[in-house]
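Dumped input.cif below, it's mmCIF, C-alpha atoms and all ligand atoms:
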```cif
data_target
#
loop_
_atom_site.label_atom_id
_atom_site.label_comp_id
_atom_site.auth_asym_id
_atom_site.auth_seq_id
_atom_site.Cartn_x
_atom_site.Cartn_y
_atom_site.Cartn_z
CA MET A 443 -63.59 -1.08 46.55
CA LYS A 444 -62.68 0.03 43.06
CA ILE A 445 -63.17 -2.18 40.02
CA GLY A 446 -60.65 -2.22 37.18
CA ALA A 447 -59.93 -4.33 34.13
CA SER A 448 -56.89 -5.97 32.58
CA VAL A 449 -56.10 -5.63 28.88
CA LEU A 450 -55.64 -9.44 28.92
CA ALA A 451 -59.35 -9.86 28.05
CA LEU A 452 -58.92 -7.92 24.82
CA GLU A 453 -55.80 -9.61 23.43
CA PRO A 454 -54.69 -9.82 20.64
CA MET A 455 -55.76 -6.18 20.32
CA HIS A 456 -52.91 -3.62 20.33
CA ILE A 457 -52.25 -2.21 23.81
CA VAL A 458 -53.36 1.32 22.89
CA ASP A 459 -56.69 0.13 21.40
CA ALA A 460 -57.29 -2.18 24.37
CA VAL A 461 -56.69 0.60 26.90
CA ARG A 462 -58.96 2.97 24.95
CA ASP A 463 -61.75 0.38 24.95
CA ILE A 464 -61.40 -0.20 28.69
CA ALA A 465 -61.36 3.54 29.35
CA ASP A 466 -64.51 3.89 27.21
CA MET A 467 -66.17 1.25 29.40
CA GLY A 468 -65.67 3.68 32.28
CA TYR A 469 -62.79 2.03 34.15
CA LYS A 470 -60.05 4.11 35.77
CA HIS A 471 -57.84 1.24 36.96
CA VAL A 472 -56.22 -0.64 34.08
CA GLU A 473 -53.73 -3.49 34.14
CA LEU A 474 -51.21 -3.32 31.27
CA CYS A 475 -49.61 -6.66 30.31
CA CYS A 476 -46.18 -6.96 28.71
CA SER A 477 -47.62 -9.88 26.69
CA THR A 478 -50.11 -7.59 24.91
CA PRO A 479 -49.21 -6.69 21.31
CA GLY A 480 -47.19 -3.46 21.18
CA PHE A 481 -46.22 -3.55 24.86
CA ASP A 482 -43.18 -5.81 25.08
CA TYR A 483 -40.58 -3.76 27.01
CA ARG A 484 -37.93 -4.67 24.41
CA THR A 485 -39.83 -3.39 21.40
CA VAL A 486 -42.41 -0.87 22.65
CA THR A 487 -42.23 2.38 20.66
CA GLY A 488 -42.04 5.91 21.99
CA ASP A 489 -45.27 6.61 20.15
CA THR A 490 -47.09 3.83 22.06
CA VAL A 491 -45.76 5.13 25.38
CA ASP A 492 -46.90 8.67 24.48
CA ARG A 493 -50.36 7.47 23.47
CA LEU A 494 -50.78 5.48 26.69
CA LYS A 495 -49.76 8.53 28.72
CA ALA A 496 -52.17 10.70 26.75
CA LEU A 497 -55.03 8.22 27.39
CA ALA A 498 -54.19 8.22 31.11
CA ALA A 499 -54.26 12.02 31.20
CA GLU A 500 -57.47 12.25 29.19
CA HIS A 501 -59.42 9.64 31.18
CA GLY A 502 -57.72 9.87 34.59
CA LEU A 503 -56.43 6.30 34.28
CA ILE A 504 -54.27 4.60 36.89
CA TYR A 505 -52.05 1.88 35.47
CA THR A 506 -50.60 -1.23 37.06
CA LEU A 507 -48.15 -3.23 35.02
CA HIS A 508 -47.94 -7.02 34.68
CA PRO A 509 -44.56 -8.34 33.49
CA HIS A 510 -44.24 -11.30 31.13
CA VAL A 511 -45.47 -14.44 32.89
CA VAL A 512 -42.23 -16.25 33.76
CA ASN A 513 -40.98 -18.20 36.77
CA THR A 514 -39.60 -15.63 39.22
CA ALA A 515 -37.86 -18.43 41.14
CA ASP A 516 -36.14 -19.93 38.08
CA THR A 517 -32.74 -21.28 39.16
CA TYR A 518 -31.82 -22.90 35.86
CA GLU A 519 -29.70 -21.30 33.16
CA PRO A 520 -30.37 -19.74 30.69
CA GLY A 521 -33.91 -18.86 31.83
CA LYS A 522 -32.75 -17.31 35.07
CA ALA A 523 -31.10 -14.26 33.48
CA LEU A 524 -34.02 -13.68 31.15
CA VAL A 525 -36.47 -13.67 34.09
CA GLN A 526 -34.52 -10.90 35.80
CA ALA A 527 -34.36 -8.96 32.52
CA HIS A 528 -38.14 -9.32 32.07
CA TYR A 529 -38.84 -7.98 35.56
CA VAL A 530 -36.40 -5.09 35.44
CA GLY A 531 -37.54 -4.27 31.91
CA ALA A 532 -41.13 -4.22 33.14
CA ALA A 533 -40.24 -1.91 36.03
CA ARG A 534 -38.51 0.52 33.64
CA LEU A 535 -41.48 0.41 31.29
CA ALA A 536 -43.81 1.06 34.24
CA ALA A 537 -41.85 4.23 34.91
CA ARG A 538 -42.11 5.32 31.27
CA VAL A 539 -45.91 5.01 31.15
CA GLY A 540 -46.41 6.39 34.67
CA ALA A 541 -47.75 3.14 36.21
CA LYS A 542 -48.29 3.23 39.96
CA SER A 543 -47.39 -0.39 40.71
CA ILE A 544 -46.03 -3.58 39.24
CA VAL A 545 -47.03 -7.20 39.84
CA VAL A 546 -44.41 -9.70 41.03
CA HIS A 547 -45.12 -13.43 41.12
CA VAL A 548 -44.01 -15.79 43.89
CA GLY A 549 -42.61 -18.35 41.41
CA TYR A 550 -41.95 -22.08 41.79
CA ARG A 551 -39.09 -24.60 42.00
CA SER A 552 -37.55 -25.16 38.56
CA GLY A 553 -37.52 -28.92 39.23
CA THR A 554 -37.92 -31.49 41.97
CA ASP A 555 -34.12 -31.42 42.46
CA VAL A 556 -34.23 -27.75 43.52
CA GLU A 557 -34.60 -27.10 47.23
CA ARG A 558 -37.47 -24.87 48.18
CA ALA A 559 -35.19 -22.53 50.16
CA ARG A 560 -32.97 -22.05 47.08
CA ALA A 561 -35.98 -21.28 44.86
CA LEU A 562 -37.37 -18.83 47.38
CA GLU A 563 -33.97 -17.15 47.69
CA ARG A 564 -33.82 -16.73 43.89
CA SER A 565 -37.33 -15.29 43.74
CA LEU A 566 -36.46 -12.80 46.48
CA GLU A 567 -33.29 -11.78 44.59
CA VAL A 568 -35.32 -11.03 41.47
CA ILE A 569 -37.93 -9.13 43.46
CA ALA A 570 -35.26 -7.13 45.34
CA LYS A 571 -33.60 -6.05 42.08
CA THR A 572 -36.98 -5.18 40.55
CA GLY A 573 -37.79 -3.21 43.69
CA GLU A 574 -34.60 -1.15 43.38
CA VAL A 575 -35.63 0.03 39.92
CA ALA A 576 -39.31 0.43 40.81
CA TYR A 577 -38.89 2.30 44.08
CA ALA A 578 -36.40 4.74 42.53
CA GLU A 579 -39.32 5.75 40.27
CA GLY A 580 -41.95 5.76 43.04
CA ILE A 581 -43.57 2.55 41.77
CA GLY A 582 -44.86 -0.01 44.28
CA LEU A 583 -44.52 -3.81 44.17
CA MET A 584 -47.48 -6.16 44.62
CA LEU A 585 -46.60 -9.78 45.51
CA GLU A 586 -49.10 -12.19 43.91
CA ASN A 587 -49.92 -15.74 45.01
CA THR A 588 -49.03 -18.00 42.11
CA ASP A 589 -48.34 -21.67 41.47
CA TRP A 590 -49.49 -24.92 42.98
CA GLY A 591 -48.67 -28.60 42.77
CA GLU A 592 -45.41 -30.26 43.78
CA LEU A 593 -43.14 -27.40 42.65
CA ARG A 594 -45.03 -24.75 44.66
CA LEU A 595 -43.35 -22.45 47.18
CA LEU A 596 -46.45 -21.69 49.27
CA ASP A 597 -48.17 -24.28 51.47
CA SER A 598 -50.60 -21.94 53.18
CA PRO A 599 -51.85 -18.35 52.93
CA ALA A 600 -49.60 -17.49 55.89
CA ASP A 601 -46.55 -18.35 53.74
CA LEU A 602 -47.26 -15.36 51.49
CA LEU A 603 -47.23 -13.06 54.51
CA ALA A 604 -43.88 -14.52 55.56
CA MET A 605 -42.48 -14.03 52.05
CA ARG A 606 -43.67 -10.41 51.98
CA GLU A 607 -41.57 -9.77 55.09
CA GLN A 608 -38.49 -10.63 53.04
CA CYS A 609 -39.43 -8.45 50.06
CA PRO A 610 -38.42 -4.78 49.76
CA LYS A 611 -40.01 -2.59 52.42
CA GLY A 612 -43.44 -1.38 51.34
CA THR A 613 -44.25 -4.43 49.18
CA ARG A 614 -48.00 -5.02 49.22
CA LEU A 615 -50.02 -8.14 48.49
CA LEU A 616 -52.14 -9.16 45.53
CA LEU A 617 -54.74 -11.90 45.94
CA ASP A 618 -55.33 -13.85 42.75
CA THR A 619 -58.69 -15.57 43.28
CA GLY A 620 -58.25 -18.26 40.62
CA HIS A 621 -54.76 -19.17 41.79
CA ALA A 622 -55.97 -19.32 45.40
CA VAL A 623 -58.49 -22.09 44.72
CA LEU A 624 -55.92 -24.08 42.73
CA GLN A 625 -53.60 -23.75 45.73
CA GLY A 626 -56.33 -25.16 47.94
CA PHE A 627 -56.80 -21.79 49.66
CA ASN A 628 -60.12 -20.12 50.39
CA PRO A 629 -60.06 -16.65 48.72
CA ALA A 630 -62.17 -15.07 51.49
CA GLU A 631 -59.81 -16.44 54.15
CA CYS A 632 -56.80 -15.17 52.19
CA ALA A 633 -58.40 -11.73 52.02
CA GLU A 634 -58.99 -11.71 55.76
CA LEU A 635 -55.45 -12.80 56.57
CA TRP A 636 -53.76 -10.53 54.03
CA MET A 637 -56.06 -7.56 54.60
CA PRO A 638 -53.49 -5.25 56.28
CA HIS A 639 -51.33 -5.43 53.12
CA LEU A 640 -53.89 -6.21 50.44
CA ALA A 641 -53.60 -3.72 47.57
CA GLU A 642 -55.29 -5.57 44.73
CA ILE A 643 -57.28 -8.63 43.74
CA HIS A 644 -57.09 -10.41 40.39
CA ALA A 645 -60.70 -11.40 39.82
CA HIS A 646 -61.27 -14.47 37.66
CA ASP A 647 -62.80 -17.90 38.07
CA ASN A 648 -62.13 -21.58 37.31
CA HIS A 649 -63.48 -25.07 37.99
CA GLY A 650 -60.76 -26.05 40.46
CA GLY A 651 -58.49 -27.89 38.04
CA ASN A 652 -56.92 -25.38 35.66
CA ASP A 653 -56.05 -21.69 35.66
CA GLU A 654 -58.90 -20.90 33.26
CA HIS A 655 -59.22 -17.14 33.93
CA LEU A 656 -62.99 -17.32 33.39
CA ALA A 657 -65.43 -14.50 34.04
CA VAL A 658 -66.45 -13.95 37.66
CA GLY A 659 -69.20 -16.42 38.58
CA ASP A 660 -68.49 -18.85 35.72
CA GLY A 661 -66.57 -21.26 37.98
CA ILE A 662 -66.58 -22.53 41.55
CA ILE A 663 -65.37 -19.50 43.50
CA ASP A 664 -67.60 -18.26 46.30
CA TRP A 665 -67.72 -14.57 45.33
CA GLU A 666 -70.40 -13.76 47.90
CA ALA A 667 -68.06 -14.83 50.71
CA LEU A 668 -65.08 -12.95 49.29
CA VAL A 669 -66.98 -9.73 48.60
CA ALA A 670 -68.66 -9.89 52.02
CA GLU A 671 -65.23 -10.19 53.62
CA LEU A 672 -63.99 -7.14 51.68
CA ALA A 673 -67.12 -5.17 52.55
CA THR A 674 -66.71 -5.99 56.25
CA HIS A 675 -63.31 -4.31 56.16
CA SER A 676 -64.50 -1.48 53.89
CA TRP A 677 -61.60 -2.51 51.66
CA THR A 678 -60.51 0.30 49.36
CA GLY A 679 -58.21 -1.66 47.03
CA VAL A 680 -58.69 -2.55 43.38
CA MET A 681 -60.66 -5.58 42.17
CA MET A 682 -58.95 -6.06 38.80
CA ILE A 683 -60.96 -8.23 36.40
CA GLU A 684 -58.33 -10.43 34.77
CA ILE A 685 -60.01 -12.78 32.30
CA ILE A 686 -58.83 -14.26 29.01
CA PRO A 687 -60.45 -13.36 25.65
CA GLU A 688 -62.14 -16.79 25.49
CA ALA A 689 -63.98 -15.90 28.72
CA GLY A 690 -65.97 -13.31 26.79
CA GLY A 691 -63.67 -10.33 26.14
CA ALA A 692 -65.41 -7.01 26.81
CA GLU A 693 -68.70 -8.81 27.45
CA GLY A 694 -66.96 -11.06 30.00
CA ILE A 695 -65.58 -7.98 31.78
CA LYS A 696 -69.09 -6.50 31.91
CA ARG A 697 -70.59 -9.73 33.25
CA SER A 698 -67.87 -10.01 35.89
CA ASP A 699 -68.39 -6.40 36.90
CA GLU A 700 -72.15 -6.89 37.33
CA ARG A 701 -71.67 -9.98 39.45
CA ILE A 702 -69.14 -8.26 41.71
CA LYS A 703 -71.49 -5.29 42.13
CA ASN A 704 -74.46 -7.57 42.82
CA ALA A 705 -72.50 -9.43 45.48
CA LEU A 706 -71.47 -6.10 46.95
CA ALA A 707 -75.08 -4.90 47.05
CA ARG A 708 -76.18 -8.10 48.78
CA SER A 709 -73.37 -7.78 51.33
CA ALA A 710 -74.28 -4.20 52.21
CA ARG A 711 -75.31 -3.88 55.80
CA PRO A 712 -78.07 -1.47 56.73
CA CYS A 713 -76.67 1.81 57.91
CA TYR A 714 -78.05 3.06 61.19
CA ASN A 715 -76.56 6.50 60.81
CA GLN A 716 -79.55 8.85 60.96
CA HIS A 717 -78.23 10.87 58.00
CA CYS A 718 -78.50 7.80 55.77
CA GLN A 719 -82.11 7.02 56.51
ZN ZN A 801 -53.16 -12.88 38.44
#
```

What does the file become when written as structure tokens?
Amino acid sequence: MKIGASVLALEPMHIVDAVRDIADMGYKHVELCCSTPGFDYRTVTGDTVDRLKALAAEHGLIYTLHPHVVNTADTYEPGKALVQAHYVGAARLAARVGAKSIVVHVGYRSGTDVERARALERSLEVIAKTGEVAYAEGIGLMLENTDWGELRLLDSPADLLAMREQCPKGTRLLLDTGHAVLQGFNPAECAELWMPHLAEIHAHDNHGGNDEHLAVGDGIIDWEALVAELATHSWTGVMMIEIIPEAGGAEGIKRSDERIKNALARSARPCYNQHCQ
């Protein structure tokens, strides 16, 4: 398992300063968010793109890109067109900065009058179009579990697997731990079920009621169970710490990192290979 960090924790810092700070903390995997100052796909400057590429080259960084947080399954006008523009804009920006993958959200019904099948169809349209742009540039898509409550599209972890089947070929899965508990899913069980396609995990915590994006271990999530599950499979994906500034900023990232590593150490099985003894 690799551990990375999202610039989300350092907002409202400028994207370039946030990435430099994360690189200085020793992380190689960095999530860039289109909501971070200086990184909106409509206004980002060539200078910012150049500086992000220079930081990646200098520190060996691997970027993933998170589009603006909008409802992928929006079927209402005028939001619908803007959602597609946000996603395609994010895919193009990912190509400019050399990101390896981009996050796509499942989305939710725009209202109780919208049939679930129609909302799902819209989400898949947006993802397909984003995929066309992304794949032409060699960028992968990661489908993330999002949204709960009566407008949700997913009833069970298996529904995400079924949705992936309808996404562009090669789409991988992203387990968001905080969203999973709000959906009533067990993160460790999601990891087990999604393991063959699981590329990344968004690591953050909450108390079961709101999407708080707290530091790892500051809420109700059973990290021991999740990390043990990942260790059992010798999972090689990225555990991306995705907390908000109020959850401690750089200090919250550090605390989350330590707790993940401690859980990993406790889950380690003794090795009976004679060379290890
Ligand atoms: Zn997430």

Please report, as CSV, each residue of chain A lying at most 8 Å from ligand ZN 801 (chain A), together with the nearest pair of atoms and the separation in Å rounded to one decimal; use only C-alpha atoms and all ligand atoms, and order rows by chain and ascending residue number.
```
residue,atom,partner,partner_atom,distance
A:Glu586,CA,A:ZN801,ZN,6.8
A:Asn587,CA,A:ZN801,ZN,7.9
A:Thr588,CA,A:ZN801,ZN,7.5
A:Leu617,CA,A:ZN801,ZN,7.7
A:Asp618,CA,A:ZN801,ZN,4.9
A:Thr619,CA,A:ZN801,ZN,7.8
A:Gly620,CA,A:ZN801,ZN,7.7
A:His621,CA,A:ZN801,ZN,7.3
A:Ile643,CA,A:ZN801,ZN,7.9
A:His644,CA,A:ZN801,ZN,5.0
A:Ala645,CA,A:ZN801,ZN,7.8
A:Glu684,CA,A:ZN801,ZN,6.8
```

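Here atom CA of A:Lys495 is placed at a distance of 20.5 Å from atom CA of A:Leu583.
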
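With only C-alpha atoms as the atoms that count, the residue of A:Glu634, A:Asp699, A:Asp660, A:Asp647 with the shortest distance to A:Leu603 is A:Glu634.
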
Checklist entry - What is the distance between atom CA of A:Glu473 and atom CA of A:Gln625, in Å to one decimal? => result 23.3 Å

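Atom CA of A:Gly612 is found 26.1 Å from atom CA of A:Val449.
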
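Between A:Ala673 and the residues A:His639, A:Arg708, A:His528, A:Arg697, the shortest atom-to-atom distance, using only C-alpha atoms, involves A:Arg708.
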
Next on the checklist: Report as a VMD selection string all protein, DNA and RNA residues lying within 7 Å of A:Leu503, evaluated on all atoms listed in the file, omitting residues in the same chain fewer than 3 positions from it.
Outcome noted: chain A and resid 470 to 472 498 to 499

Next on the checklist: Report as a list of chain:residue names all protein, DNA and RNA residues lying within 6 Å of A:Leu615, evaluated on all atoms listed in the file, omitting residues in the same chain fewer than 6 positions from it.
Outcome noted: A:Met584, A:Leu585, A:His639, A:Leu640, A:Ala641

Checklist entry - Using all atoms listed in the file, can you list as number ranges by chain the residues within 9 Å of (-36.7, -4.7, 39.3)? => result A: 526-534, 568-577

Item to check | Close residues, stretch 550-555 of chain A itself excluded, 10 Å, only C-alpha atoms, min 6 positions apart in chain, as a list in words | outcome: Val512, Asn513, Thr514, Ala515, Asp516, Thr517, Tyr518, Gly521, Lys522, Ala561, Leu562, Arg564, Ser565, Thr588, Asp589, Trp590, Gly591, Glu592, Leu593, Arg594, Leu595 and Leu596 of chain A

Written selection (C-alpha atoms) as a short mmCIF file (atom, residue, chain, number, x, y, z; two decimals), keeping the file's coordinate frame:
```cif
data_model
loop_
_atom_site.label_atom_id
_atom_site.label_comp_id
_atom_site.auth_asym_id
_atom_site.auth_seq_id
_atom_site.Cartn_x
_atom_site.Cartn_y
_atom_site.Cartn_z
CA VAL A 512 -42.23 -16.25 33.76
CA ASN A 513 -40.98 -18.20 36.77
CA THR A 514 -39.60 -15.63 39.22
CA ALA A 515 -37.86 -18.43 41.14
CA ASP A 516 -36.14 -19.93 38.08
CA THR A 517 -32.74 -21.28 39.16
CA TYR A 518 -31.82 -22.90 35.86
CA GLY A 521 -33.91 -18.86 31.83
CA LYS A 522 -32.75 -17.31 35.07
CA ALA A 561 -35.98 -21.28 44.86
CA LEU A 562 -37.37 -18.83 47.38
CA ARG A 564 -33.82 -16.73 43.89
CA SER A 565 -37.33 -15.29 43.74
CA THR A 588 -49.03 -18.00 42.11
CA ASP A 589 -48.34 -21.67 41.47
CA TRP A 590 -49.49 -24.92 42.98
CA GLY A 591 -48.67 -28.60 42.77
CA GLU A 592 -45.41 -30.26 43.78
CA LEU A 593 -43.14 -27.40 42.65
CA ARG A 594 -45.03 -24.75 44.66
CA LEU A 595 -43.35 -22.45 47.18
CA LEU A 596 -46.45 -21.69 49.27
#
```

Per residue of stretch 463-510 of chain A within 12 Å of stretch 692-696 of chain A, note the shortest atom pair and the distance in Å to one decimal, counting only C-alpha atoms, and order the rows by chain and increasing residue number, as a Markdown table.
```
| residue | atom | partner | partner_atom | distance |
| --- | --- | --- | --- | --- |
| A:Asp463 | CA | A:Ala692 | CA | 8.5 |
| A:Ile464 | CA | A:Ala692 | CA | 8.1 |
| A:Ala465 | CA | A:Ala692 | CA | 11.6 |
| A:Asp466 | CA | A:Ala692 | CA | 10.9 |
| A:Met467 | CA | A:Lys696 | CA | 8.7 |
| A:Gly468 | CA | A:Lys696 | CA | 10.7 |
| A:Tyr469 | CA | A:Ile695 | CA | 10.7 |
```

Next on the checklist: as a PyMOL selection string, please: the residues near A:Arg701 (cut-off 9 Å, all atoms listed in the file, same-chain neighbours under 5 positions excluded).
Outcome noted: chain A and resi 658-659+665+696+706

Suppose we keep C-alpha atoms; can you now write the selection as a PDB file, in the frame of the given file?
```pdb
ATOM      1  CA  VAL A 658     -66.450 -13.950  37.660  1.00  0.00           C
ATOM      2  CA  GLY A 659     -69.200 -16.420  38.580  1.00  0.00           C
ATOM      3  CA  TRP A 665     -67.720 -14.570  45.330  1.00  0.00           C
ATOM      4  CA  LYS A 696     -69.090  -6.500  31.910  1.00  0.00           C
ATOM      5  CA  LEU A 706     -71.470  -6.100  46.950  1.00  0.00           C
TER       6      LEU A 706
END
```

Checklist entry - So, counting only C-alpha atoms, which residue among A:Ile457, A:Val525, A:Met443, A:Cys476 is closest to A:His675? => result A:Met443

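Minimum atom-to-atom distance to A:His510, evaluated using only C-alpha atoms, belongs to A:Leu474 out of A:Leu474, A:Ala537, A:Cys609, A:Met682.
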
Item to check | Among listed residues A:Ala600, A:Ala460, A:Leu616, A:Ala710, nearest A:Glu642 (using only C-alpha atoms) | outcome: A:Leu616
